[in-house]
$ cat structure-v2.txt   # compact mmCIF, C-alpha atoms and all ligand atoms
# COMPACT_ATOMS: atom_id res chain seq x y z
CA MET A 29 -51.67 16.26 18.66
CA PHE A 30 -49.65 13.16 17.77
CA GLN A 31 -46.43 14.96 16.90
CA GLY A 32 -45.07 14.66 20.45
CA LEU A 33 -45.37 10.89 20.42
CA LEU A 34 -43.96 10.59 16.91
CA THR A 35 -40.95 12.86 17.28
CA GLY A 36 -39.30 11.70 20.49
CA GLY A 37 -38.56 8.85 22.82
CA ILE A 38 -39.04 5.12 22.57
CA PHE A 39 -41.92 5.37 20.12
CA LYS A 40 -39.90 7.32 17.55
CA ARG A 41 -36.93 5.03 18.02
CA ALA A 42 -39.13 2.00 17.34
CA ILE A 43 -40.33 3.66 14.13
CA ASP A 44 -36.75 4.53 13.11
CA ARG A 45 -35.72 0.91 13.73
CA LYS A 46 -38.64 -0.20 11.54
CA LEU A 47 -40.11 -2.18 14.41
CA VAL A 48 -43.40 -0.36 14.04
CA GLU A 49 -45.22 1.84 11.55
CA SER A 50 -47.75 4.46 12.52
CA ASN A 51 -50.34 6.10 10.30
CA ILE A 52 -52.51 8.93 11.54
CA CYS A 53 -55.82 9.16 9.75
CA ASN A 54 -58.06 12.22 9.91
CA ILE A 55 -61.71 11.21 9.65
CA ARG A 56 -62.38 14.63 8.12
CA ASP A 57 -60.68 13.32 4.97
CA TYR A 58 -63.47 10.76 4.64
CA THR A 59 -66.37 13.19 4.47
CA HIS A 60 -68.20 14.09 1.29
CA ASP A 61 -69.73 17.47 2.05
CA LYS A 62 -68.25 20.90 1.51
CA HIS A 63 -67.75 21.54 5.23
CA HIS A 64 -66.17 18.13 5.99
CA THR A 65 -68.71 17.48 8.71
CA VAL A 66 -67.75 14.77 11.19
CA ASP A 67 -70.37 15.36 13.88
CA ASP A 68 -74.04 16.16 14.11
CA TYR A 69 -76.82 16.81 16.64
CA PRO A 70 -78.00 13.83 18.69
CA TYR A 71 -81.34 12.29 17.73
CA GLY A 72 -83.71 12.78 20.63
CA GLY A 73 -82.06 16.05 21.60
CA GLY A 74 -79.66 16.89 24.36
CA ALA A 75 -76.42 18.78 24.68
CA GLY A 76 -73.33 18.21 22.58
CA MET A 77 -72.56 16.66 19.24
CA VAL A 78 -72.18 13.04 18.17
CA LEU A 79 -69.53 11.73 15.77
CA LYS A 80 -71.23 10.55 12.57
CA PRO A 81 -70.83 6.89 11.61
CA ASP A 82 -69.91 7.26 7.91
CA PRO A 83 -66.51 9.03 8.18
CA ILE A 84 -65.42 6.50 10.83
CA PHE A 85 -66.56 3.43 8.85
CA GLU A 86 -64.99 4.76 5.65
CA SER A 87 -61.70 5.62 7.39
CA VAL A 88 -61.39 2.16 8.91
CA GLU A 89 -62.32 0.45 5.65
CA ALA A 90 -59.73 2.50 3.75
CA ILE A 91 -57.04 1.63 6.31
CA ILE A 92 -57.83 -2.09 6.16
CA ALA A 93 -57.84 -2.04 2.35
CA ALA A 94 -54.48 -0.23 2.30
CA ILE A 95 -52.88 -2.68 4.70
CA PHE A 96 -54.15 -5.94 3.26
CA HIS A 97 -54.99 -5.05 -0.35
CA ASN A 98 -58.17 -7.02 0.38
CA GLN A 99 -56.38 -10.34 0.58
CA GLY A 100 -55.34 -12.69 3.32
CA ASP A 101 -56.31 -12.50 6.95
CA ASN A 102 -57.60 -9.03 7.61
CA SER A 103 -58.77 -9.52 11.19
CA MET A 104 -57.26 -7.08 13.64
CA PRO A 105 -58.42 -5.32 16.79
CA ILE A 106 -60.42 -2.20 15.97
CA ILE A 107 -60.42 -0.34 19.25
CA LEU A 108 -62.58 2.60 20.22
CA LEU A 109 -61.03 4.76 22.93
CA THR A 110 -63.87 5.80 25.20
CA PRO A 111 -64.46 6.38 28.93
CA GLN A 112 -67.05 3.58 28.66
CA GLY A 113 -64.48 0.97 27.61
CA ARG A 114 -62.76 -1.73 29.66
CA LEU A 115 -60.03 -0.34 31.86
CA PHE A 116 -56.61 -0.41 30.18
CA SER A 117 -53.89 -2.41 31.95
CA GLN A 118 -50.43 -3.85 31.41
CA GLN A 119 -52.12 -7.18 30.68
CA ILE A 120 -54.15 -5.60 27.87
CA ALA A 121 -51.02 -3.85 26.53
CA LEU A 122 -49.29 -7.23 26.40
CA GLU A 123 -52.22 -8.81 24.55
CA LEU A 124 -52.34 -5.97 22.02
CA SER A 125 -48.56 -6.09 21.45
CA LYS A 126 -48.98 -9.56 19.95
CA HIS A 127 -51.11 -8.35 17.05
CA SER A 128 -49.43 -7.35 13.79
CA HIS A 129 -51.87 -4.47 13.31
CA LEU A 130 -54.13 -2.35 15.50
CA ILE A 131 -56.62 0.35 14.63
CA LEU A 132 -57.28 2.90 17.38
CA ILE A 133 -60.32 5.12 16.94
CA CYS A 134 -60.31 8.31 18.98
CA GLY A 135 -63.76 8.94 20.36
CA HIS A 136 -65.18 12.29 21.26
CA TYR A 137 -66.19 13.06 24.80
CA GLU A 138 -69.76 13.87 23.78
CA GLY A 139 -70.31 10.65 21.93
CA VAL A 140 -69.93 8.41 18.94
CA ASP A 141 -72.85 7.04 16.92
CA GLU A 142 -73.75 3.70 18.52
CA ARG A 143 -73.57 1.87 15.16
CA VAL A 144 -69.79 2.32 15.26
CA ARG A 145 -69.75 0.35 18.51
CA GLU A 146 -72.20 -2.26 17.29
CA HIS A 147 -70.90 -2.95 13.79
CA LEU A 148 -67.31 -1.76 13.49
CA VAL A 149 -65.26 -1.91 16.66
CA THR A 150 -64.05 -5.14 18.25
CA ASP A 151 -63.06 -3.63 21.59
CA GLU A 152 -63.55 -0.48 23.67
CA ILE A 153 -60.83 0.77 25.99
CA SER A 154 -60.72 3.48 28.68
CA ILE A 155 -57.45 4.61 30.24
CA GLY A 156 -58.94 5.50 33.62
CA ASP A 157 -61.88 6.85 35.52
CA TYR A 158 -61.70 10.48 34.47
CA VAL A 159 -62.89 12.26 31.35
CA LEU A 160 -60.58 13.55 28.61
CA SER A 161 -61.94 15.86 25.94
CA GLY A 162 -61.00 13.42 23.18
CA GLY A 163 -59.61 9.95 22.66
CA GLU A 164 -56.31 11.21 21.20
CA LEU A 165 -54.35 11.28 24.45
CA ALA A 166 -55.80 7.90 25.37
CA ALA A 167 -54.75 6.47 21.98
CA MET A 168 -51.21 7.74 22.58
CA VAL A 169 -51.15 6.18 26.03
CA VAL A 170 -52.22 2.82 24.58
CA ALA A 171 -49.81 3.10 21.63
CA ASP A 172 -46.88 3.95 23.89
CA ALA A 173 -47.58 1.13 26.35
CA VAL A 174 -47.95 -1.39 23.50
CA VAL A 175 -44.98 -0.33 21.38
CA ARG A 176 -42.48 -0.46 24.25
CA LEU A 177 -43.35 -4.16 24.62
CA ILE A 178 -42.33 -4.99 21.05
CA PRO A 179 -39.04 -6.92 21.20
CA GLY A 180 -36.15 -4.54 20.46
CA ALA A 181 -38.11 -1.34 21.18
CA LEU A 182 -36.35 -0.80 24.50
CA GLY A 183 -32.58 -0.62 24.74
CA SER A 184 -32.23 -3.94 26.52
CA GLU A 185 -34.53 -6.92 26.04
CA ALA A 186 -34.84 -7.47 29.77
CA SER A 187 -36.03 -4.06 30.83
CA PRO A 188 -39.83 -4.44 30.63
CA ILE A 189 -39.76 -7.57 32.79
CA ASP A 190 -39.27 -5.82 36.13
CA ASP A 191 -41.55 -2.90 35.33
CA SER A 192 -44.21 -1.99 37.81
CA HIS A 193 -47.32 -4.04 36.93
CA THR A 194 -45.51 -6.59 34.73
CA THR A 195 -44.82 -8.70 37.80
CA GLY A 196 -48.17 -7.72 39.28
CA LEU A 197 -46.22 -5.67 41.86
CA LEU A 198 -44.92 -2.12 41.93
CA GLU A 199 -41.28 -1.68 41.05
CA TYR A 200 -38.55 -1.64 43.72
CA PRO A 201 -36.63 1.59 44.54
CA GLN A 202 -33.80 2.43 42.14
CA TYR A 203 -30.56 4.27 42.87
CA THR A 204 -27.61 5.48 40.83
CA ARG A 205 -24.39 7.32 41.64
CA PRO A 206 -23.32 9.03 43.84
CA PRO A 207 -23.43 6.52 46.73
CA ALA A 208 -24.01 9.41 49.16
CA TYR A 209 -25.91 12.52 48.11
CA ARG A 210 -26.42 15.29 50.70
CA GLY A 211 -25.77 12.63 53.32
CA TRP A 212 -28.50 10.31 51.93
CA THR A 213 -26.90 6.97 51.23
CA VAL A 214 -27.75 4.14 48.87
CA PRO A 215 -28.83 0.93 50.66
CA GLU A 216 -25.70 -1.11 51.45
CA VAL A 217 -26.94 -4.31 49.81
CA LEU A 218 -27.04 -2.65 46.37
CA LEU A 219 -23.30 -1.91 46.63
CA SER A 220 -22.46 -5.41 47.84
CA GLY A 221 -22.23 -7.13 44.45
CA ASN A 222 -24.18 -10.06 45.93
CA HIS A 223 -26.72 -10.64 43.19
CA ALA A 224 -28.83 -13.13 45.11
CA GLN A 225 -29.11 -10.74 48.06
CA ILE A 226 -29.91 -7.86 45.73
CA ALA A 227 -32.66 -9.83 43.97
CA LYS A 228 -34.15 -10.79 47.34
CA TRP A 229 -34.01 -7.19 48.64
CA ARG A 230 -35.68 -5.89 45.50
CA ARG A 231 -38.45 -8.44 45.64
CA GLN A 232 -39.08 -7.58 49.32
CA GLN A 233 -39.09 -3.86 48.51
CA SER A 234 -41.58 -4.47 45.69
CA ILE A 235 -43.85 -6.37 48.04
CA THR A 236 -43.58 -3.78 50.83
CA ARG A 237 -44.22 -0.89 48.47
CA THR A 238 -47.17 -2.63 46.84
CA LEU A 239 -48.71 -3.42 50.23
CA GLN A 240 -48.35 0.23 51.29
CA ARG A 241 -49.55 1.84 48.09
CA ARG A 242 -51.71 -0.63 46.15
CA PRO A 243 -52.65 -3.48 48.51
CA GLU A 244 -55.36 -4.74 46.13
CA LEU A 245 -52.62 -5.73 43.64
CA LEU A 246 -51.23 -8.33 46.06
CA ASP A 247 -54.34 -10.47 45.68
CA LYS A 248 -53.45 -11.17 42.04
CA ALA A 249 -49.69 -11.81 42.39
CA SER A 250 -48.11 -15.11 43.47
CA PHE A 251 -45.59 -15.58 46.28
CA ASN A 252 -43.36 -18.22 47.80
CA LEU A 253 -43.60 -19.21 51.47
CA GLU A 254 -40.97 -16.74 52.65
CA GLU A 255 -42.71 -13.92 50.81
CA ARG A 256 -46.08 -14.92 52.27
CA GLN A 257 -44.55 -14.73 55.73
CA LEU A 258 -43.11 -11.29 54.95
CA ILE A 259 -46.55 -10.09 53.86
CA ASP A 260 -48.15 -11.44 57.03
CA ARG A 261 -45.49 -9.72 59.16
CA LEU A 262 -45.94 -6.42 57.31
CA LYS A 263 -49.71 -6.60 57.64
CA GLN A 264 -49.44 -7.12 61.41
CA ALA A 265 -46.94 -4.27 61.92
CL1 LIG A 301 -60.34 6.43 26.07
N1 LIG A 301 -61.42 8.81 26.16
C1 LIG A 301 -61.84 9.90 26.80
N2 LIG A 301 -62.41 10.89 26.11
N3 LIG A 301 -61.73 10.06 28.10
C2 LIG A 301 -61.16 9.08 28.77
C3 LIG A 301 -60.69 7.91 28.17
C4 LIG A 301 -60.85 7.81 26.83
N4 LIG A 301 -60.18 7.11 29.10
C5 LIG A 301 -60.33 7.76 30.23
N5 LIG A 301 -60.91 8.94 30.06
$ encode --input "structure-v2.txt" --output "structure tokens"
Amino acid sequence: MFQGLLTGGIFKRAIDRKLVESNICNIRDYTHDKHHTVDDYPYGGGAGMVLKPDPIFESVEAIIAAIFHNQGDNSMPIILLTPQGRLFSQQIALELSKHSHLILICGHYEGVDERVREHLVTDEISIGDYVLSGGELAAMVVADAVVRLIPGALGSEASPIDDSHTTGLLEYPQYTRPPAYRGWTVPEVLLSGNHAQIAKWRRQQSITRTLQRRPELLDKASFNLEERQLIDRLKQA
């Protein structure tokens, strides 16, 4: 499943530039029975299967040993991807991007033995209020959001700064050539070359768009007096 992430786009470029390394571990390789069993029936009965603790513990221990050769500081986030985790956000991506190493454990929609939660993982993350059939897509979402924040991963250093959610607001509308397409023109101010006016227009567009689409985000962002007045005007209109 991870080939898509690893063979194209920003993530691959970051690997090629040696900004990041990625190792995919199959917990099946850390089983000891003939059938490489990774799940089993739930104690107490009920539908579905539960991921066994031992292949997950042994996988994580092998990864940590390989990274640190059992010396030095070997603390790192060990994150279980699960719908029961805390909701992933740009803020969490930023936090995670500051660690030298991360371990992401892909849960299974039917469950993971609770001892993994209690005695192995340091954090549980969900990517939204819907259910995926496995944690793999969620792990890729987290990995992509984190890796693009590593300095040098994007073409230009400045580009993540204006992203939707980095500022706490949604991004402003973007245009490129041609200046008129099918009679639809690019806003005049963007062609003006007046950088102060452009910055002001963009900020106002961000605020307007956020108020229309995600008003709850405005409570967390900070504004100057002029922006406050704009918000009040927009709310009254
Ligand atoms: Cl992290 N895992 C699964 N299976 N479903 C999810 C999720 C994670 N986040 C949202 N839905």
$ closest_residue --input "structure-v2.txt" --among "A:Met77, A:Glu146, A:Ile235, A:Phe96" --to "Gln257 of chain A" --atoms "all atoms listed in the file"
A:Ile235
$ closest_residue --input "structure-v2.txt" --among "A:Gln31, A:Thr65, A:Gln112, A:Ser220" --to "ligand LIG 301 (chain A)" --atoms "all atoms listed in the file"
A:Gln112
$ residues_near_ligand --input "structure-v2.txt" --ligand "ligand LIG 301 (chain A)" --cutoff "6 Å" --atoms "all atoms listed in the file" --output "PyMOL selection string"
chain A and resi 109-111+136-137+153-163+166
$ atom_distance --input "structure-v2.txt" --atom1 "atom CA of Met104 of chain A" --atom2 "atom CA of Ser128 of chain A"
7.8 Å
$ residues_around --input "structure-v2.txt" --residues "Gln232 of chain A" --least-positions-apart "3" --cutoff "12 Å" --atoms "all atoms listed in the file" --output "number ranges by chain"
A: 197-201, 225-229, 235-239, 251-252, 254-259, 261-262
$ residues_near_point --input "structure-v2.txt" --point "(-65.6, 16.1, 8.4)" --cutoff "12 Å" --atoms "only C-alpha atoms" --output "VMD selection string"
chain A and resid 54 to 68 79 to 84 86 to 87
$ atom_distance --input "structure-v2.txt" --atom1 "atom CA of Val149 of chain A" --atom2 "atom CA of Ile38 of chain A"
27.8 Å
$ closest_residue --input "structure-v2.txt" --among "A:Val170, A:Arg230, A:Asp141, A:Gly183" --to "Tyr71 of chain A" --atoms "all atoms listed in the file"
A:Asp141
$ closest_atom_pairs --input "structure-v2.txt" --of "segment 165-257 of chain A" --to "segment 129-134 of chain A" --cutoff "12 Å" --atoms "all atoms listed in the file" --output "CSV"
residue,atom,partner,partner_atom,distance
A:Leu165,CA,A:Cys134,CA,8.6
A:Ala166,CA,A:Cys134,CA,7.8
A:Ala167,CA,A:Leu132,CA,6.3
A:Met168,CA,A:Leu132,CA,9.3
A:Val169,CA,A:Leu132,CA,11.1
A:Val170,CA,A:Leu132,CA,8.8
A:Ala171,CA,A:Leu132,CA,8.6
A:Val174,CA,A:Leu130,CA,10.2
A:Val175,CA,A:Leu130,CA,11.1
$ residues_near_point --input "structure-v2.txt" --point "(-48.6, -10.2, 29.9)" --cutoff "12 Å" --atoms "all atoms listed in the file" --output "ChimeraX atom specification"
/A:117-126,173-174,177,188-189,191,193-196
$ closest_residue --input "structure-v2.txt" --among "A:Leu148, A:Leu219, A:Leu182, A:Ile43" --to "Pro105 of chain A" --atoms "all atoms listed in the file"
A:Leu148
$ closest_residue --input "structure-v2.txt" --among "A:Ser187, A:Thr213, A:Ser103, A:Ser192" --to "Thr150 of chain A" --atoms "only C-alpha atoms"
A:Ser103
$ residues_around --input "structure-v2.txt" --residues "Asp151 of chain A" --least-positions-apart "5" --cutoff "8 Å" --atoms "only C-alpha atoms" --output "ChimeraX atom specification"
/A:105-108,113
$ residues_around --input "structure-v2.txt" --residues "Phe39 of chain A" --least-positions-apart "5" --cutoff "8 Å" --atoms "all atoms listed in the file" --output "PyMOL selection string"
chain A and resi 33-34+172+175-176+181
